[in-house]
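Source file: target07.pdb; contents: PDB, N, CA and C atoms.
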ATOM      1  N   MET A   1       0.840  -1.167   0.000
ATOM      2  CA  MET A   1       0.000   0.000   0.000
ATOM      3  C   MET A   1       0.887   1.233   0.000
ATOM      4  N   SER A   2       0.492   2.230  -0.731
ATOM      5  CA  SER A   2       1.266   3.453  -0.844
ATOM      6  C   SER A   2       0.690   4.523   0.071
ATOM      7  N   SER A   3       1.548   5.385   0.573
ATOM      8  CA  SER A   3       1.092   6.490   1.410
ATOM      9  C   SER A   3       1.665   7.789   0.863
ATOM     10  N   ILE A   4       1.272   8.887   1.440
ATOM     11  CA  ILE A   4       1.787  10.175   0.972
ATOM     12  C   ILE A   4       3.257  10.355   1.307
ATOM     13  N   PHE A   5       3.778   9.544   2.215
ATOM     14  CA  PHE A   5       5.177   9.633   2.603
ATOM     15  C   PHE A   5       6.079   8.696   1.820
ATOM     16  N   GLY A   6       5.543   7.941   0.924
ATOM     17  CA  GLY A   6       6.353   7.027   0.130
ATOM     18  C   GLY A   6       5.859   5.611   0.302
ATOM     19  N   SER A   7       6.414   4.718  -0.496
ATOM     20  CA  SER A   7       5.934   3.346  -0.468
ATOM     21  C   SER A   7       7.016   2.359  -0.066
ATOM     22  N   GLY A   8       8.024   2.804   0.692
ATOM     23  CA  GLY A   8       9.083   1.900   1.150
ATOM     24  C   GLY A   8       8.621   1.110   2.342
ATOM     25  N   SER A   9       9.407   0.104   2.696
ATOM     26  CA  SER A   9       9.071  -0.693   3.863
ATOM     27  C   SER A   9       9.344   0.118   5.122
ATOM     28  N   SER A  10       8.598  -0.146   6.170
ATOM     29  CA  SER A  10       8.762   0.623   7.406
ATOM     30  C   SER A  10      10.099   0.337   8.074
ATOM     31  N   SER A  11      10.621  -0.886   7.929
ATOM     32  CA  SER A  11      11.910  -1.192   8.553
ATOM     33  C   SER A  11      13.044  -0.438   7.865
ATOM     34  N   SER A  12      12.923  -0.229   6.564
ATOM     35  CA  SER A  12      13.941   0.521   5.835
ATOM     36  C   SER A  12      13.949   1.982   6.272
ATOM     37  N   SER A  13      12.763   2.583   6.364
ATOM     38  CA  SER A  13      12.703   3.981   6.780
ATOM     39  C   SER A  13      13.089   4.121   8.245
ATOM     40  N   SER A  14      12.799   3.120   9.040
ATOM     41  CA  SER A  14      13.178   3.136  10.454
ATOM     42  C   SER A  14      14.697   3.083  10.601
ATOM     43  N   SER A  15      15.354   2.245   9.822
ATOM     44  CA  SER A  15      16.814   2.169   9.901
ATOM     45  C   SER A  15      17.458   3.441   9.341
ATOM     46  N   ASP A  16      16.828   4.050   8.320
ATOM     47  CA  ASP A  16      17.327   5.327   7.805
ATOM     48  C   ASP A  16      17.233   6.411   8.880
ATOM     49  N   MET A  17      16.113   6.417   9.592
ATOM     50  CA  MET A  17      15.910   7.404  10.648
ATOM     51  C   MET A  17      16.916   7.193  11.775
ATOM     52  N   THR A  18      17.166   5.951  12.136
ATOM     53  CA  THR A  18      18.145   5.634  13.178
ATOM     54  C   THR A  18      19.544   6.069  12.746
ATOM     55  N   ALA A  19      19.874   5.821  11.503
ATOM     56  CA  ALA A  19      21.187   6.217  10.989
ATOM     57  C   ALA A  19      21.337   7.738  11.015
ATOM     58  N   ARG A  20      20.285   8.461  10.622
ATOM     59  CA  ARG A  20      20.333   9.927  10.651
ATOM     60  C   ARG A  20      20.449  10.436  12.086
ATOM     61  N   LYS A  21      19.734   9.795  12.994
ATOM     62  CA  LYS A  21      19.779  10.182  14.402
ATOM     63  C   LYS A  21      21.193   9.973  14.955
ATOM     64  N   ASP A  22      21.798   8.830  14.639
ATOM     65  CA  ASP A  22      23.165   8.546  15.093
ATOM     66  C   ASP A  22      24.159   9.544  14.507
ATOM     67  N   GLN A  23      23.968   9.891  13.245
ATOM     68  CA  GLN A  23      24.847  10.865  12.592
ATOM     69  C   GLN A  23      24.716  12.234  13.266
ATOM     70  N   MET A  24      23.494  12.628  13.606
ATOM     71  CA  MET A  24      23.275  13.909  14.284
ATOM     72  C   MET A  24      23.925  13.903  15.665
ATOM     73  N   LYS A  25      23.794  12.791  16.397
ATOM     74  CA  LYS A  25      24.413  12.675  17.716
ATOM     75  C   LYS A  25      25.928  12.820  17.615
ATOM     76  N   GLN A  26      26.505  12.171  16.617
ATOM     77  CA  GLN A  26      27.953  12.232  16.428
ATOM     78  C   GLN A  26      28.380  13.659  16.082
ATOM     79  N   GLN A  27      27.629  14.317  15.227
ATOM     80  CA  GLN A  27      27.963  15.688  14.840
ATOM     81  C   GLN A  27      27.863  16.624  16.047
ATOM     82  N   ILE A  28      26.826  16.465  16.849
ATOM     83  CA  ILE A  28      26.666  17.297  18.038
ATOM     84  C   ILE A  28      27.807  17.048  19.021
ATOM     85  N   SER A  29      28.189  15.793  19.194
ATOM     86  CA  SER A  29      29.313  15.463  20.084
ATOM     87  C   SER A  29      30.600  16.123  19.613
ATOM     88  N   GLN A  30      30.838  16.096  18.308
ATOM     89  CA  GLN A  30      32.039  16.724  17.762
ATOM     90  C   GLN A  30      32.006  18.236  17.972
ATOM     91  N   GLU A  31      30.849  18.848  17.760
ATOM     92  CA  GLU A  31      30.739  20.294  17.943
ATOM     93  C   GLU A  31      30.918  20.674  19.413
ATOM     94  N   LEU A  32      30.401  19.855  20.321
ATOM     95  CA  LEU A  32      30.600  20.113  21.744
ATOM     96  C   LEU A  32      32.072  19.981  22.127
ATOM     97  N   ALA A  33      32.752  18.993  21.571
ATOM     98  CA  ALA A  33      34.178  18.812  21.854
ATOM     99  C   ALA A  33      34.974  20.019  21.370
ATOM    100  N   ILE A  34      34.631  20.524  20.199
ATOM    101  CA  ILE A  34      35.317  21.705  19.667
ATOM    102  C   ILE A  34      35.041  22.916  20.549
ATOM    103  N   ALA A  35      33.787  23.090  20.962
ATOM    104  CA  ALA A  35      33.428  24.212  21.829
ATOM    105  C   ALA A  35      34.159  24.127  23.166
ATOM    106  N   ASN A  36      34.262  22.925  23.731
ATOM    107  CA  ASN A  36      34.988  22.748  24.993
ATOM    108  C   ASN A  36      36.463  23.068  24.835
ATOM    109  N   ALA A  37      37.048  22.636  23.735
ATOM    110  CA  ALA A  37      38.468  22.925  23.486
ATOM    111  C   ALA A  37      38.685  24.432  23.326
ATOM    112  N   GLN A  38      37.790  25.098  22.612
ATOM    113  CA  GLN A  38      37.906  26.555  22.437
ATOM    114  C   GLN A  38      37.770  27.272  23.776
ATOM    115  N   GLN A  39      36.842  26.814  24.596
ATOM    116  CA  GLN A  39      36.666  27.418  25.912
ATOM    117  C   GLN A  39      37.916  27.217  26.769
ATOM    118  N   LEU A  40      38.495  26.025  26.724
ATOM    119  CA  LEU A  40      39.720  25.757  27.470
ATOM    120  C   LEU A  40      40.846  26.687  27.016
ATOM    121  N   ILE A  41      41.016  26.821  25.725
ATOM    122  CA  ILE A  41      42.070  27.694  25.192
ATOM    123  C   ILE A  41      41.841  29.142  25.611
ATOM    124  N   ASN A  42      40.594  29.591  25.553
ATOM    125  CA  ASN A  42      40.289  30.962  25.965
ATOM    126  C   ASN A  42      40.590  31.184  27.446
ATOM    127  N   LYS A  43      40.229  30.217  28.291
ATOM    128  CA  LYS A  43      40.506  30.339  29.725
ATOM    129  C   LYS A  43      42.007  30.324  30.002
ATOM    130  N   ILE A  44      42.723  29.467  29.293
ATOM    131  CA  ILE A  44      44.181  29.439  29.451
ATOM    132  C   ILE A  44      44.760  30.796  29.072
ATOM    133  N   ASN A  45      44.334  31.316  27.932
ATOM    134  CA  ASN A  45      44.842  32.619  27.491
ATOM    135  C   ASN A  45      44.546  33.716  28.509
ATOM    136  N   GLU A  46      43.310  33.785  28.963
ATOM    137  CA  GLU A  46      42.927  34.828  29.925
ATOM    138  C   GLU A  46      43.707  34.711  31.222
ATOM    139  N   ASN A  47      43.624  33.553  31.850
ATOM    140  CA  ASN A  47      44.183  33.389  33.183
ATOM    141  C   ASN A  47      45.704  33.325  33.207
ATOM    142  N   CYS A  48      46.281  32.612  32.274
ATOM    143  CA  CYS A  48      47.742  32.510  32.265
ATOM    144  C   CYS A  48      48.379  33.838  31.865
ATOM    145  N   PHE A  49      47.762  34.544  30.948
ATOM    146  CA  PHE A  49      48.300  35.854  30.573
ATOM    147  C   PHE A  49      48.249  36.788  31.776
ATOM    148  N   ALA A  50      47.110  36.809  32.451
ATOM    149  CA  ALA A  50      46.971  37.688  33.621
ATOM    150  C   ALA A  50      47.985  37.337  34.708
ATOM    151  N   LYS A  51      48.238  36.045  34.878
ATOM    152  CA  LYS A  51      49.159  35.605  35.930
ATOM    153  C   LYS A  51      50.622  35.840  35.558
ATOM    154  N   CYS A  52      50.971  35.574  34.314
ATOM    155  CA  CYS A  52      52.390  35.531  33.931
ATOM    156  C   CYS A  52      52.921  36.801  33.273
ATOM    157  N   ILE A  53      52.062  37.552  32.638
ATOM    158  CA  ILE A  53      52.528  38.738  31.908
ATOM    159  C   ILE A  53      52.106  39.982  32.687
ATOM    160  N   THR A  54      52.936  40.363  33.642
ATOM    161  CA  THR A  54      52.603  41.515  34.481
ATOM    162  C   THR A  54      52.979  42.835  33.827
ATOM    163  N   LYS A  55      53.991  42.798  32.967
ATOM    164  CA  LYS A  55      54.432  44.001  32.262
ATOM    165  C   LYS A  55      54.559  43.678  30.778
ATOM    166  N   PRO A  56      53.459  43.821  30.015
ATOM    167  CA  PRO A  56      53.510  43.496  28.588
ATOM    168  C   PRO A  56      54.564  44.313  27.835
ATOM    169  N   SER A  57      55.227  43.653  26.912
ATOM    170  CA  SER A  57      56.206  44.311  26.047
ATOM    171  C   SER A  57      56.166  43.616  24.690
ATOM    172  N   THR A  58      57.126  43.919  23.851
ATOM    173  CA  THR A  58      57.133  43.349  22.501
ATOM    174  C   THR A  58      57.641  41.912  22.454
ATOM    175  N   SER A  59      58.251  41.435  23.534
ATOM    176  CA  SER A  59      58.719  40.047  23.577
ATOM    177  C   SER A  59      58.568  39.505  24.997
ATOM    178  N   LEU A  60      58.640  38.180  25.083
ATOM    179  CA  LEU A  60      58.516  37.516  26.377
ATOM    180  C   LEU A  60      59.894  37.246  26.973
ATOM    181  N   THR A  61      59.969  37.384  28.279
ATOM    182  CA  THR A  61      61.206  37.011  28.957
ATOM    183  C   THR A  61      61.190  35.496  29.170
ATOM    184  N   SER A  62      62.328  34.948  29.521
ATOM    185  CA  SER A  62      62.381  33.502  29.754
ATOM    186  C   SER A  62      61.510  33.103  30.941
ATOM    187  N   SER A  63      61.454  33.940  31.965
ATOM    188  CA  SER A  63      60.599  33.614  33.120
ATOM    189  C   SER A  63      59.116  33.676  32.734
ATOM    190  N   GLN A  64      58.741  34.593  31.853
ATOM    191  CA  GLN A  64      57.359  34.652  31.385
ATOM    192  C   GLN A  64      57.019  33.416  30.551
ATOM    193  N   GLU A  65      57.932  33.015  29.693
ATOM    194  CA  GLU A  65      57.725  31.809  28.884
ATOM    195  C   GLU A  65      57.564  30.583  29.773
ATOM    196  N   SER A  66      58.417  30.485  30.787
ATOM    197  CA  SER A  66      58.355  29.361  31.715
ATOM    198  C   SER A  66      57.032  29.375  32.487
ATOM    199  N   CYS A  67      56.632  30.537  32.953
ATOM    200  CA  CYS A  67      55.379  30.682  33.688
ATOM    201  C   CYS A  67      54.198  30.280  32.805
ATOM    202  N   LEU A  68      54.168  30.757  31.568
ATOM    203  CA  LEU A  68      53.085  30.418  30.641
ATOM    204  C   LEU A  68      53.042  28.918  30.373
ATOM    205  N   SER A  69      54.187  28.322  30.194
ATOM    206  CA  SER A  69      54.254  26.882  29.941
ATOM    207  C   SER A  69      53.720  26.082  31.125
ATOM    208  N   GLN A  70      54.156  26.437  32.326
ATOM    209  CA  GLN A  70      53.687  25.740  33.523
ATOM    210  C   GLN A  70      52.190  25.958  33.743
ATOM    211  N   CYS A  71      51.734  27.174  33.539
ATOM    212  CA  CYS A  71      50.326  27.499  33.718
ATOM    213  C   CYS A  71      49.467  26.694  32.741
ATOM    214  N   MET A  72      49.891  26.643  31.494
ATOM    215  CA  MET A  72      49.153  25.890  30.480
ATOM    216  C   MET A  72      49.133  24.404  30.827
ATOM    217  N   THR A  73      50.248  23.876  31.247
ATOM    218  CA  THR A  73      50.329  22.466  31.616
ATOM    219  C   THR A  73      49.375  22.149  32.770
ATOM    220  N   LEU A  74      49.336  23.013  33.767
ATOM    221  CA  LEU A  74      48.437  22.801  34.902
ATOM    222  C   LEU A  74      46.969  22.879  34.482
ATOM    223  N   TYR A  75      46.634  23.839  33.648
ATOM    224  CA  TYR A  75      45.252  23.959  33.165
ATOM    225  C   TYR A  75      44.840  22.721  32.378
ATOM    226  N   MET A  76      45.731  22.261  31.515
ATOM    227  CA  MET A  76      45.417  21.082  30.707
ATOM    228  C   MET A  76      45.243  19.852  31.602
ATOM    229  N   ALA A  77      46.100  19.684  32.589
ATOM    230  CA  ALA A  77      45.992  18.550  33.501
ATOM    231  C   ALA A  77      44.703  18.620  34.310
ATOM    232  N   ALA A  78      44.371  19.812  34.788
ATOM    233  CA  ALA A  78      43.134  19.975  35.559
ATOM    234  C   ALA A  78      41.921  19.686  34.685
ATOM    235  N   PHE A  79      41.916  20.202  33.468
ATOM    236  CA  PHE A  79      40.808  19.963  32.547
ATOM    237  C   PHE A  79      40.671  18.478  32.246
ATOM    238  N   ASP A  80      41.791  17.815  32.029
ATOM    239  CA  ASP A  80      41.790  16.378  31.750
ATOM    240  C   ASP A  80      41.211  15.596  32.930
ATOM    241  N   GLN A  81      41.629  15.944  34.145
ATOM    242  CA  GLN A  81      41.134  15.248  35.335
ATOM    243  C   GLN A  81      39.637  15.468  35.519
ATOM    244  N   VAL A  82      39.182  16.698  35.348
ATOM    245  CA  VAL A  82      37.759  16.991  35.486
ATOM    246  C   VAL A  82      36.964  16.239  34.420
ATOM    247  N   SER A  83      37.457  16.219  33.202
ATOM    248  CA  SER A  83      36.773  15.513  32.116
ATOM    249  C   SER A  83      36.674  14.020  32.402
ATOM    250  N   ARG A  84      37.766  13.416  32.864
ATOM    251  CA  ARG A  84      37.752  11.982  33.185
ATOM    252  C   ARG A  84      36.762  11.672  34.307
ATOM    253  N   SER A  85      36.770  12.513  35.333
ATOM    254  CA  SER A  85      35.850  12.308  36.457
ATOM    255  C   SER A  85      34.403  12.448  36.008
ATOM    256  N   TYR A  86      34.149  13.424  35.167
ATOM    257  CA  TYR A  86      32.794  13.652  34.663
ATOM    258  C   TYR A  86      32.314  12.459  33.838
ATOM    259  N   VAL A  87      33.158  11.995  32.933
ATOM    260  CA  VAL A  87      32.791  10.842  32.099
ATOM    261  C   VAL A  87      32.564   9.607  32.963
ATOM    262  N   ALA A  88      33.415   9.389  33.951
ATOM    263  CA  ALA A  88      33.253   8.234  34.839
ATOM    264  C   ALA A  88      31.940   8.327  35.608
ATOM    265  N   ARG A  89      31.620   9.502  36.070
ATOM    266  CA  ARG A  89      30.371   9.675  36.817
ATOM    267  C   ARG A  89      29.157   9.438  35.935
ATOM    268  N   ILE A  90      29.166   9.996  34.746
ATOM    269  CA  ILE A  90      28.047   9.807  33.813
ATOM    270  C   ILE A  90      27.904   8.331  33.459
ATOM    271  N   THR A  91      29.026   7.670  33.202
ATOM    272  CA  THR A  91      28.997   6.245  32.866
ATOM    273  C   THR A  91      28.432   5.436  34.027
ATOM    274  N   LYS A  92      28.851   5.755  35.229
ATOM    275  CA  LYS A  92      28.357   5.049  36.416
ATOM    276  C   LYS A  92      26.857   5.282  36.597
ATOM    277  N   GLU A  93      26.417   6.525  36.428
ATOM    278  CA  GLU A  93      24.997   6.838  36.593
ATOM    279  C   GLU A  93      24.146   6.137  35.538
ATOM    280  N   ARG A  94      24.638   6.068  34.330
ATOM    281  CA  ARG A  94      23.901   5.364  33.271
ATOM    282  C   ARG A  94      23.818   3.868  33.575
ATOM    283  N   GLY A  95      24.907   3.322  34.118
ATOM    284  CA  GLY A  95      24.945   1.903  34.462
ATOM    285  C   GLY A  95      23.985   1.559  35.578
ATOM    286  N   THR A  96      23.939   2.393  36.616
ATOM    287  CA  THR A  96      23.033   2.120  37.739
ATOM    288  C   THR A  96      21.591   2.404  37.356
ATOM    289  N   ALA A  97      21.360   3.357  36.455
ATOM    290  CA  ALA A  97      19.990   3.654  36.014
ATOM    291  C   ALA A  97      19.437   2.459  35.220
ATOM    292  N   GLY A  98      20.310   1.807  34.463
ATOM    293  CA  GLY A  98      19.891   0.643  33.690
ATOM    294  C   GLY A  98      19.557  -0.542  34.571
ATOM    295  N   LEU A  99      20.112  -0.571  35.787
ATOM    296  CA  LEU A  99      19.847  -1.667  36.702
ATOM    297  C   LEU A  99      18.617  -1.418  37.561
ATOM    298  N   GLY A 100      18.060  -0.221  37.447
ATOM    299  CA  GLY A 100      16.882   0.111  38.236
ATOM    300  C   GLY A 100      17.199   0.424  39.679
ATOM    301  N   LEU A 101      18.420   0.857  39.960
ATOM    302  CA  LEU A 101      18.817   1.172  41.330
ATOM    303  C   LEU A 101      18.505   2.600  41.673
TER     304      LEU A 101
END
Take the structure in the file and write it out as structure tokens.
Amino acid sequence: MSSIFGSGSSSSSSSDMTARKDQMKQQISQELAIANAQQLINKINENCFAKCITKPSTSLTSSQESCLSQCMTLYMAAFDQVSRSYVARITKERGTAGLGL
């Protein structure tokens, strides 16, 4: 039987819809990852610059370079730790929700 939406099988259109949904989820995840990375870079720039560059000039001193490097390393490590903890918590919550706990 034909309908106004087409005459394909329902399982075919259902799998097409699932594939499109999965593709959208993946695209959104990628865009969120990019947004998070941009936010991290912006925070590093703001905070590390404020901390390490007390007297702006046309070049950086070795102590300023060292300070910026250490500051960036600490921010990246902190971001990594927070991200890992967040993912672990979400994974745990999804696991316990599936068990009905």
Option closest in space to Ser83 in chain A, from A:Ile41, A:Ala33, A:Cys52, A:Met24 [counting only C-alpha atoms]: A:Ala33
Listed atoms of range 55-68 of chain A boxed along x, y and z, 6 Å each side, centre and edge lengths in Å, one decimal, as JSON:
{"center_x": 57.7, "center_y": 36.6, "center_z": 28.1, "size_x": 21.3, "size_y": 27.4, "size_z": 23.2}
Expressed in Å to a single decimal, how great is the separation between atom C of Cys48 in chain A and atom N of Gln70 in chain A? 9.4 Å
Pick out each residue of chain A that DSSP on the backbone tags as helix (DSSP H, G or I); I need them as a PyMOL selection string. chain A and resi 10-52+62-98
Using all atoms listed in the file, determine which residues lie at most 8 Å from Thr54 in chain A, disregarding the query and same-chain residues fewer than 4 positions distant; provide the list as a PyMOL selection string. chain A and resi 49-50+64
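We find atom C of Leu40 in chain A and CA of Thr61 in chain A to be spaced 22.9 Å apart.
As for atom C of Cys71 in chain A and atom C of Asn47 in chain A, they are spaced 7.6 Å apart.
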